Amino acid sequence: MENASKALIIAGAILLAILIISLGILIYNQASGVVGNNTMSEVDIQTFNQKFTQYVGEQRGSAVRSLIQQVQASNAAEGNEQRQVNINVDLDDIETGEIYDVVIAEDDYAQDGPNQGLITNITVNQ
């Protein structure tokens with residue numbers, strides 16, 4: 001009887017050790033997934049870009065001013081310096097009634113890295 005109880009205690013200790021090791025591996029895998037996930041998903045990229053692509057094309061001066069405010073707000077909200085958007089305005093003063101051309105060229109998107117596909121530059125021409 002004494003040998004049987006010792007065998008059960010040893011078996012319980014082995015099962016408990018396996019359970020603790022499995023739990024440790026599970027926690028490690030979840031933590032490494034969070035740490036390694038510094039890239040944006042496709043939906044996040046589209047949502048980020050949508051704030052600016054709605055202004056592409058011919059726009060009145062008031063819409064261009066709204067775009068500039070949107071860029072400034074986005075840059076202030078983004079803590080990541082790589083997600084900053086530059087707006088290139090060739091004009092000193094934007095007049096409300098004038099028509100301007102807002103352009104986001106293919107080269108104005110981040111080409112590589114964790115922010116690949118994000119808008120990085122916007123150009124406004126008269």
# chains A, B, ... in the order shown; residues from 1 in each chain; ligands from 1

call {"tool": "select_by_dssp", "arguments": {"residues": "chain A", "states": "alpha helix (DSSP H)", "output": "ChimeraX atom specification"}}
result
/A:2-35,42-53,61-77

call {"tool": "residues_around", "arguments": {"residues": "Gln46 (chain A)", "least_positions_apart": "4", "cutoff": "9 Å", "atoms": "only C-alpha atoms", "output": "compact mmCIF listing (two decimals) with N, CA, C and O atoms, in the first residue's frame"}}
result
# COMPACT_ATOMS: atom_id res chain seq x y z
N SER A 41 -2.42 46.38 -39.30
CA SER A 41 -3.15 45.47 -40.18
C SER A 41 -3.61 46.24 -41.41
O SER A 41 -3.56 47.47 -41.47
N GLU A 42 -4.07 45.51 -42.40
CA GLU A 42 -4.56 46.12 -43.65
C GLU A 42 -5.71 47.09 -43.38
O GLU A 42 -5.77 48.16 -43.97
N GLN A 50 -7.56 56.71 -45.23
CA GLN A 50 -8.87 57.25 -45.63
C GLN A 50 -9.05 58.68 -45.14
O GLN A 50 -9.72 59.48 -45.79
N LYS A 51 -8.44 59.01 -44.02
CA LYS A 51 -8.54 60.37 -43.49
C LYS A 51 -8.01 61.39 -44.48
O LYS A 51 -8.44 62.55 -44.48
N GLY A 117 2.76 51.14 -46.76
CA GLY A 117 1.43 51.42 -47.28
C GLY A 117 0.79 52.64 -46.67
O GLY A 117 -0.26 53.09 -47.14
N LEU A 118 1.38 53.23 -45.64
CA LEU A 118 0.83 54.44 -45.03
C LEU A 118 1.22 55.67 -45.84
O LEU A 118 2.32 55.75 -46.38

call {"tool": "residues_around", "arguments": {"residues": "Phe48 (chain A)", "least_positions_apart": "5", "cutoff": "9 Å", "atoms": "only C-alpha atoms", "output": "PyMOL selection string"}}
result
chain A and resi 43+74+118-119

call {"tool": "write_last_selection", "arguments": {"atoms": "C-alpha atoms", "output": "short mmCIF file (atom, residue, chain, number, x, y, z; two decimals), in the first residue's frame"}}
result
data_model
loop_
_atom_site.label_atom_id
_atom_site.label_comp_id
_atom_site.auth_asym_id
_atom_site.auth_seq_id
_atom_site.Cartn_x
_atom_site.Cartn_y
_atom_site.Cartn_z
CA VAL A 43 -7.73 47.58 -42.14
CA SER A 74 -3.15 63.18 -36.96
CA LEU A 118 0.83 54.44 -45.03
CA ILE A 119 0.63 57.89 -46.58
#

call {"tool": "atom_distance", "arguments": {"atom1": "CA of Thr96 (chain A)", "atom2": "CA of Gln59 (chain A)"}}
result
9.9 Å

call {"tool": "residues_around", "arguments": {"residues": "Ile99 (chain A)", "least_positions_apart": "5", "cutoff": "8 Å", "atoms": "only C-alpha atoms", "output": "PDB file with N, CA and C atoms, in the first residue's frame"}}
result
ATOM      1  N   GLU A  58      -9.335  67.715 -57.172  1.00  0.00           N
ATOM      2  CA  GLU A  58      -9.573  69.157 -57.118  1.00  0.00           C
ATOM      3  C   GLU A  58     -10.462  69.477 -55.919  1.00  0.00           C
ATOM      4  N   GLN A  59      -9.983  70.402 -55.102  1.00  0.00           N
ATOM      5  CA  GLN A  59     -10.694  70.781 -53.884  1.00  0.00           C
ATOM      6  C   GLN A  59     -10.709  72.295 -53.743  1.00  0.00           C
ATOM      7  N   ARG A  60     -11.734  72.789 -53.123  1.00  0.00           N
ATOM      8  CA  ARG A  60     -11.797  74.215 -52.794  1.00  0.00           C
ATOM      9  C   ARG A  60     -10.830  74.498 -51.640  1.00  0.00           C
ATOM     10  N   GLY A  61     -10.514  75.749 -51.479  1.00  0.00           N
ATOM     11  CA  GLY A  61      -9.581  76.158 -50.434  1.00  0.00           C
ATOM     12  C   GLY A  61     -10.033  75.748 -49.038  1.00  0.00           C
ATOM     13  N   GLN A 126      -1.754  74.580 -56.987  1.00  0.00           N
ATOM     14  CA  GLN A 126      -2.861  75.423 -57.459  1.00  0.00           C
ATOM     15  C   GLN A 126      -3.155  75.137 -58.893  1.00  0.00           C
TER      16      GLN A 126
END

call {"tool": "closest_residue", "arguments": {"among": "A:Ala4, A:Val103, A:Ile87, A:Ile94", "to": "Thr53 (chain A)", "atoms": "only C-alpha atoms"}}
result
A:Val103

call {"tool": "select_by_dssp", "arguments": {"residues": "region 47-116 of chain A", "states": "strand (DSSP E or B)", "output": "VMD selection string"}}
result
chain A and resid 57 to 60 86 to 89 99 to 103 109

call {"tool": "write_last_selection", "arguments": {"atoms": "all heavy atoms", "output": "tab-separated table (two decimals), in the first residue's frame"}}
result
chain	number	residue	atom	x	y	z
A	57	GLY	N	-7.63	65.09	-55.34
A	57	GLY	CA	-8.30	65.64	-56.51
A	57	GLY	C	-8.46	67.15	-56.36
A	57	GLY	O	-7.83	67.80	-55.53
A	58	GLU	N	-9.34	67.72	-57.17
A	58	GLU	CA	-9.57	69.16	-57.12
A	58	GLU	C	-10.46	69.48	-55.92
A	58	GLU	O	-11.53	68.90	-55.75
A	58	GLU	CB	-10.22	69.63	-58.41
A	58	GLU	CG	-9.27	69.56	-59.60
A	58	GLU	CD	-9.87	70.17	-60.86
A	58	GLU	OE1	-11.07	70.55	-60.84
A	58	GLU	OE2	-9.15	70.28	-61.85
A	59	GLN	N	-9.98	70.40	-55.10
A	59	GLN	CA	-10.69	70.78	-53.88
A	59	GLN	C	-10.71	72.30	-53.74
A	59	GLN	O	-9.79	72.98	-54.18
A	59	GLN	CB	-10.00	70.18	-52.64
A	59	GLN	CG	-9.91	68.68	-52.62
A	59	GLN	CD	-11.26	68.03	-52.42
A	59	GLN	OE1	-12.17	68.59	-51.82
A	59	GLN	NE2	-11.40	66.81	-52.93
A	60	ARG	N	-11.73	72.79	-53.12
A	60	ARG	CA	-11.80	74.22	-52.79
A	60	ARG	C	-10.83	74.50	-51.64
A	60	ARG	O	-10.41	73.60	-50.92
A	60	ARG	CB	-13.20	74.62	-52.40
A	60	ARG	CG	-14.18	74.51	-53.54
A	60	ARG	CD	-15.20	75.62	-53.41
A	60	ARG	NE	-16.08	75.65	-54.56
A	60	ARG	CZ	-15.86	76.41	-55.63
A	60	ARG	NH1	-14.82	77.18	-55.70
A	60	ARG	NH2	-16.71	76.39	-56.64
A	86	ASN	N	3.64	64.44	-43.95
A	86	ASN	CA	4.12	65.76	-44.38
A	86	ASN	C	3.17	66.29	-45.43
A	86	ASN	O	2.78	65.56	-46.35
A	86	ASN	CB	5.52	65.66	-44.97
A	86	ASN	CG	6.53	65.16	-43.96
A	86	ASN	OD1	6.49	65.55	-42.80
A	86	ASN	ND2	7.40	64.28	-44.40
A	87	ILE	N	2.80	67.56	-45.31
A	87	ILE	CA	1.96	68.17	-46.33
A	87	ILE	C	2.77	69.27	-47.00
A	87	ILE	O	3.32	70.14	-46.33
A	87	ILE	CB	0.62	68.68	-45.75
A	87	ILE	CG1	-0.28	69.16	-46.87
A	87	ILE	CG2	0.83	69.72	-44.69
A	87	ILE	CD1	-1.73	69.23	-46.51
A	88	ASN	N	2.89	69.17	-48.31
A	88	ASN	CA	3.67	70.12	-49.09
A	88	ASN	C	2.71	71.07	-49.79
A	88	ASN	O	2.03	70.69	-50.73
A	88	ASN	CB	4.53	69.39	-50.13
A	88	ASN	CG	5.41	68.34	-49.49
A	88	ASN	OD1	6.06	68.60	-48.50
A	88	ASN	ND2	5.41	67.15	-50.05
A	89	VAL	N	2.67	72.29	-49.30
A	89	VAL	CA	1.81	73.31	-49.88
A	89	VAL	C	2.72	74.33	-50.52
A	89	VAL	O	3.53	74.96	-49.85
A	89	VAL	CB	0.91	73.96	-48.80
A	89	VAL	CG1	0.00	74.99	-49.42
A	89	VAL	CG2	0.11	72.90	-48.08
A	99	ILE	N	-9.54	76.93	-56.37
A	99	ILE	CA	-9.50	75.48	-56.56
A	99	ILE	C	-8.04	75.03	-56.50
A	99	ILE	O	-7.17	75.61	-57.14
A	99	ILE	CB	-10.11	75.08	-57.92
A	99	ILE	CG1	-11.56	75.54	-58.02
A	99	ILE	CG2	-10.00	73.58	-58.14
A	99	ILE	CD1	-12.51	74.82	-57.09
A	100	TYR	N	-7.80	73.97	-55.75
A	100	TYR	CA	-6.46	73.43	-55.57
A	100	TYR	C	-6.48	71.95	-55.92
A	100	TYR	O	-7.51	71.29	-55.81
A	100	TYR	CB	-5.97	73.63	-54.14
A	100	TYR	CG	-5.91	75.08	-53.73
A	100	TYR	CD1	-7.00	75.69	-53.11
A	100	TYR	CD2	-4.78	75.83	-53.97
A	100	TYR	CE1	-6.94	77.02	-52.74
A	100	TYR	CE2	-4.72	77.17	-53.62
A	100	TYR	CZ	-5.81	77.76	-53.00
A	100	TYR	OH	-5.76	79.07	-52.66
A	101	ASP	N	-5.33	71.45	-56.33
A	101	ASP	CA	-5.20	70.04	-56.68
A	101	ASP	C	-4.41	69.33	-55.59
A	101	ASP	O	-3.26	69.66	-55.32
A	101	ASP	CB	-4.49	69.89	-58.03
A	101	ASP	CG	-4.52	68.48	-58.55
A	101	ASP	OD1	-5.49	67.76	-58.25
A	101	ASP	OD2	-3.57	68.08	-59.25
A	102	VAL	N	-5.04	68.36	-54.94
A	102	VAL	CA	-4.41	67.59	-53.88
A	102	VAL	C	-3.93	66.27	-54.49
A	102	VAL	O	-4.72	65.53	-55.09
A	102	VAL	CB	-5.38	67.33	-52.71
A	102	VAL	CG1	-4.71	66.47	-51.65
A	102	VAL	CG2	-5.88	68.63	-52.13
A	103	VAL	N	-2.63	65.99	-54.34
A	103	VAL	CA	-2.02	64.83	-54.99
A	103	VAL	C	-1.32	63.97	-53.95
A	103	VAL	O	-0.58	64.47	-53.11
A	103	VAL	CB	-1.01	65.27	-56.07
A	103	VAL	CG1	-0.36	64.07	-56.72
A	103	VAL	CG2	-1.66	66.18	-57.09
A	109	TYR	N	3.78	56.96	-50.35
A	109	TYR	CA	3.41	55.93	-49.38
A	109	TYR	C	4.70	55.29	-48.86
A	109	TYR	O	5.67	55.16	-49.59
A	109	TYR	CB	2.55	54.84	-50.04
A	109	TYR	CG	1.18	55.32	-50.46
A	109	TYR	CD1	0.97	55.90	-51.71
A	109	TYR	CD2	0.10	55.18	-49.60
A	109	TYR	CE1	-0.28	56.33	-52.09
A	109	TYR	CE2	-1.16	55.61	-49.98
A	109	TYR	CZ	-1.34	56.19	-51.22
A	109	TYR	OH	-2.60	56.62	-51.59
